[in-house]
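Here's the structure we're looking at; comments come further down.
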Amino acid sequence: MPTLEMILNGKEVSAEVEPGDLLAHVLRDKLGLIGTKISCGEGECGSCTVLVDGLTVTSCIYPAMKAQGREVTTIEGLATGGRLHSIQQAFVDVTAPQCGYCIPGMIISAKALLDENPHPTRQEIRTGISGNICRCTGYYQIVEAIELAAQRMAEEGGAP
Amino acid sequence: MSTRVLGQSLPKKDAATKVRGSRRFPQDFNMEGQLHAKAVWSEHPHARVVKIDTSGAEALPGVVKVITAEDVPVNEYGIIVQDQPVLAGEGDKVRWVGDRIAIVVAESEKVAREARRLVEVEYDPLPVVSDPREAMKPEAPLVHEERGDSNVFRHIKIRKGDWEKGFAEADVVVESYYVTPYVEHVYMQPDAGIGYLDDEGRVTVISSAQWPDHDLRQIAPMLDLPKDQTREIVPAVGGAFGGREDMHIQHLLALCAYCVRRPVKMVFDRNEVMIRTGKRHPWYVKYRTGARKDGTLTAVEIEIISDSGAYASTTVPVLEAGTSFAAGPYVVPNAKVDSYAVYTNNAVTMAMRGFGTTQSAFIYEMQMSKLAEALGMDAVELRMKNLLEDGSIGLTGHKMPQGVGIRETLKQVALAAGWKEEQGRWSKPDLGAASGPHKRRGMAVACGLKNVGYSFGSDDKATVGVQLALDESGRIARVTVLSGACDVGMGAQTFLAQMAAEALGVDYDQVRVAMVDTTKVPDSGSCSASRLVWISGNALVRACQAALEKRDQILMAETGETFVEAEFQFRGLSVIDTRPYDPETGMTDPHFAYGYAAQVALVEVDTETGETEILKFWAAQDAGKAVNPAMVKGQAAGGVHMGVGYALTEEYIQQEGVPKTRHLADYYVPTVMDMPHEFTSITVEVPDPTGPYGAKGVGEMTTLPTAPAILSAIHDAVGVWIDEFPATAERVWRAMQTKK
């Protein structure tokens, strides 16, 4: 069985994987990171979004071995200790999550957006999460949360 | 009423763990030594099972057991009527592609997946009936021979006043034929869970659900066990929308645990959720509305044929609820309504946000929009003229109870959207210039109302407990709320905590709501029917009052006790004695309580492509008292989202019972880009004197007006009525070509 070695949420990890294994399954089943959610299993809905070298991928269709030697960030990598990341805190503050199943993927997409574009317009935020389906919220409070996070992060000098 | 904790947009109890990704949904649970299960599904919409050969699957290394019909102690289940086989065995019929033949249990998911392909099933295909209008004919093939000689299993009749005279008195009659689509719930979290035997030997299921106690009322007889030998635990649930009211996976998990005596995990693929689980009922509707020149409604005549799919599920109560609102929030003195529930070999149809009233809102509001056009009257003004008030007589001859909020809701949404009112005359705002030469703008309004709680004599009740931990001076230090109310995302834990904090005079942070586990919390009924705020809230407030009284007694007696517990069961029938429909006239007092919504859509239609873009949307909902305004706004936005999909894009397509929209890629759930560019939510508070703090349900009402508002706005823009929807670009374009 090949060994996948990657930097996961800032730490070097390794896992034995089978050739066909997908990144989402390795994260969830082998590494115990349940925050990455699987909903459609075909890269359509964005629930399983993680960052690989800073770019969003739908991990439910991403071959695990493609992450070899790369940096992978999941929802578990955002909060520092007891402190939520600004994006997470904003989601709490504006009551963005309802069922919460799409939320980790949504927050990862928001992070990728704000990392690249710290002052997005509302339309840019919409584009940034257009690959993430939510069935509960109608997206408005999610967009509001991302706007609020961008504003707070700018005030705090960019650091989460 | 002035409140302290109630009415605040406090953070949801589960928000922090949900944004961290640490809160566990059913697929996030694992157990030592667990096995994995996969179902073998029917390959035919209608067939007799001739032979099942499990030997190939059993021979595969890693397969532990292939469970078939013979392994099920009592092989039937159903939320109301036990008309569904758990597993179809040799000689049994399959009636749709969601029936199951076997469950393969294996050491790994991969082996289970491979093994299910090795189960060989021989079928004798039977004639398929896929159109309920055909299924009603005497010569149609029967879906359930064992249940009588017709596929029609419910006919509701309403006969009110003299409808012939009503139509004779009408100056204008609007007549239409509507077809509403099959729709999938698309909760984001696929059905999943673990079945196991707990430390006391109970058959236990950790699963997504909407009503765990009722699941056990189906699981226990299925396994021929007393109910107290079964248990269900409901962790975070990733959306439901009615789709988890019927059991999709709970009974299968229980059966696996019962058969193999080891923990068994099962997770549906999205494809299984799409084609093997229940949907919203399509309706085929003939609708006539008569009105005088001044807009006063004189009569309606309605025929509704509801495609029930292969099993009864909740079709009857869905149709009963939908029928009771078929004339909308309007006074209609004369009515003739006939509604039929019909079995077919299509997907099972069941509860979905609105529970039949979503379909009714579409038909009555399209009729009102058409009537306004035919009369040359403003659409708000026509509706205002006919609205129900406190004490008005409704469609089934009942008197509307106090707290009818539709007038205020409609008024607020119309004013927000720019309507002007002068002495009862309403006029629509100027819509502004379209964004291009091929674009046309349109704007329209629609209303909706729905019952809160179960209706027609159902003994709907909720039991809620509260525990107080007191400090040495007798002050409340901590509070635990015990309730079987599942939080499927709408915030049950949060509003219960807010209500408890309000009732007990403590802080929100001092209150926790226990996890739903049937061995630890009382039965609060289902998370459905927009009922939890109203019915569990009523129970909770009374439990809190009882707990405070007990606390005071302890303090008086100086017993030194530091723990107080109280429980209250609230029955809806204590408020209004609802009754079933009269079989001949349909007259009844149908519902305990009601909730209201009204919405306005501003759209732009591309005349070259038929594509509709929603520029602005205004949603007003009467919450009675908004327990948590941010959550009410979330319900409004989510309801509108579901309504946008219903109106424009979502359609679950089957041909002769065979599903064609098998993946999320074929079934278009609106993304953020498809939503109205600007959204205004207006929460109206017309108190319901029977609700806790005046609160009403809002969860379902927010989706009712959306589709008719959008489709009426499309008509306003390009002059076509889309009576068979969703109004896809193709449908709108074709309608425009026909009109030319």
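In the structure tokens, the first chain shown is A, the next is B, and so on; residue numbers restart at 1 for each chain, and ligands run from 1 in the order shown.
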
**OP:** Identify every residue of chain A that has at least one atom within 8 Å of any atom of chain B, counting only C-alpha atoms, and report the result as a PyMOL selection string.
**Re:** chain A and resi 34-36+38-41+44-45+75-76+78-79+84+88-89+91-104+107+126-127+129-141

Excluding same-chain residues fewer than 5 positions from Val17 of chain A, what lies within 8 Å of it counting only C-alpha atoms, as a PDB file with N, CA and C atoms, in the first residue's frame?
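The result, written out as result31.pdb:
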```pdb
ATOM      1  N   MET A   1       0.848  -1.201   0.000  1.00  0.00           N
ATOM      2  CA  MET A   1       0.000   0.000   0.000  1.00  0.00           C
ATOM      3  C   MET A   1       0.885   1.254   0.000  1.00  0.00           C
ATOM      4  N   PRO A   2       0.655   2.175  -0.904  1.00  0.00           N
ATOM      5  CA  PRO A   2       1.498   3.376  -0.921  1.00  0.00           C
ATOM      6  C   PRO A   2       1.267   4.254   0.320  1.00  0.00           C
ATOM      7  N   THR A   3       2.260   5.024   0.636  1.00  0.00           N
ATOM      8  CA  THR A   3       2.148   5.919   1.784  1.00  0.00           C
ATOM      9  C   THR A   3       1.980   7.355   1.291  1.00  0.00           C
ATOM     10  N   LEU A   4       0.915   7.992   1.776  1.00  0.00           N
ATOM     11  CA  LEU A   4       0.680   9.399   1.461  1.00  0.00           C
ATOM     12  C   LEU A   4       1.318  10.239   2.561  1.00  0.00           C
ATOM     13  N   VAL A  26      -9.745   9.532   3.020  1.00  0.00           N
ATOM     14  CA  VAL A  26      -8.533   9.397   3.830  1.00  0.00           C
ATOM     15  C   VAL A  26      -8.612  10.348   5.019  1.00  0.00           C
ATOM     16  N   ALA A  64      -6.328  10.783  -3.377  1.00  0.00           N
ATOM     17  CA  ALA A  64      -5.534  11.123  -2.190  1.00  0.00           C
ATOM     18  C   ALA A  64      -4.058  11.292  -2.547  1.00  0.00           C
ATOM     19  N   MET A  65      -3.547  10.442  -3.424  1.00  0.00           N
ATOM     20  CA  MET A  65      -2.113  10.477  -3.722  1.00  0.00           C
ATOM     21  C   MET A  65      -1.700  11.766  -4.443  1.00  0.00           C
TER      22      MET A  65
END
```

**OP:** Mind checking which residues fall within 12 Å of Ala709 of chain B, counting only C-alpha atoms, ignoring those fewer than 2 positions away in the same chain, and posting them as a PyMOL selection string?
**Re:** chain B and resi 361-370+379-380+442-448+597-603+614+616-619+640+643-644+646-648+703-707+711-716+721-722

Original post:
Looking only at the backbone, which of the residues in chain A does DSSP tag as helix (DSSP H, G or I), as a PyMOL selection string?
Top reply: chain A and resi 23-30+64-67+75-77+86-93+103-116+122-128+140-155

Subject >> For atom CA of Pro61 of chain B and atom CA of Leu33 of chain A, the interatomic separation in Å (one decimal) >> reply: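 Result for atom CA of Pro61 of chain B versus atom CA of Leu33 of chain A: 29.1 Å, one decimal.
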
Subject >> Computed interatomic separation between atom CA of Ala566 of chain B and atom CA of Gln218 of chain B (Å) >> reply: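 Between atom CA of Ala566 of chain B and atom CA of Gln218 of chain B the gap is 28.8 Å.
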
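All residues in chain A with a DSSP state of strand (DSSP E or B), computed from the backbone, read Thr3, Leu4, Glu5, Met6, Ile7, Leu8, Lys11, Glu12, Val13, Ser14, Ala15, Glu16, Leu22, Thr49, Val50, Leu51, Val52, Leu55, Thr56, Val57, Thr58, Pro63, Glu71, Val72, Thr73, Thr80 and Arg83 of chain A.
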
For segment 283-294 of chain B, work out the shell of residues within 6 Å, counting only C-alpha atoms and skipping chain neighbours fewer than 6 positions away, then give it as a CSV table (one decimal) with C-alpha atoms, in the first residue's frame.
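Output (around_21.csv):
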```csv
chain,number,residue,atom,x,y,z
B,167,PHE,CA,-70.5,30.9,-10.5
B,170,ALA,CA,-69.7,35.8,-11.1
B,171,ASP,CA,-68.8,38.5,-13.6
B,172,VAL,CA,-65.5,36.8,-14.3
B,173,VAL,CA,-64.5,33.2,-14.2
B,174,VAL,CA,-60.9,32.1,-14.4
B,175,GLU,CA,-60.3,28.5,-15.4
B,176,SER,CA,-56.9,26.7,-15.4
B,177,TYR,CA,-55.1,23.4,-15.4
B,178,TYR,CA,-52.0,23.1,-13.3
B,179,VAL,CA,-49.3,20.5,-13.0
B,180,THR,CA,-46.9,20.8,-10.1
B,300,VAL,CA,-64.3,28.0,-6.5
B,301,GLU,CA,-64.4,24.6,-8.1
B,302,ILE,CA,-61.3,22.5,-7.7
B,303,GLU,CA,-60.2,19.0,-8.6
B,304,ILE,CA,-56.8,17.8,-7.2
B,305,ILE,CA,-55.2,14.5,-8.2
B,306,SER,CA,-52.2,13.8,-6.1
```

Excluding same-chain residues fewer than 5 positions from Val234 of chain B, what lies within 6 Å of it counting only C-alpha atoms, as a tab-separated table (two decimals) with N, CA and C atoms, in the first residue's frame?
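Below is the file around_5.tsv, written as the result:
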```
chain	number	residue	atom	x	y	z
B	206	ILE	N	-28.29	5.14	15.90
B	206	ILE	CA	-27.88	6.55	15.87
B	206	ILE	C	-28.12	6.99	14.43
B	207	SER	N	-29.01	7.93	14.24
B	207	SER	CA	-29.38	8.26	12.86
B	207	SER	C	-29.97	9.66	12.76
B	208	SER	N	-30.01	10.16	11.55
B	208	SER	CA	-30.79	11.34	11.27
B	208	SER	C	-32.26	10.96	11.35
B	516	VAL	N	-30.94	14.43	21.81
B	516	VAL	CA	-32.12	13.60	21.65
B	516	VAL	C	-31.73	12.12	21.72
```

**OP:** Can you work out the spacing between atom CA of His119 of chain A and atom CA of Gly105 of chain A in Å, to one decimal?
**Re:**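 These atoms are spaced 20.4 Å apart.
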
**OP:** Compare A:Val72, A:Val52, A:Cys60, A:Leu113 by their minimum atom-to-atom distance to Lys11 of chain A, counting only C-alpha atoms, and give me the closest one.
**Re:** A:Val72

Original post:
Which residue, A:His25, A:His85, A:Lys66, A:Arg122, has the smallest gap to Met6 of chain A when you use only C-alpha atoms?
Top reply: A:Lys66
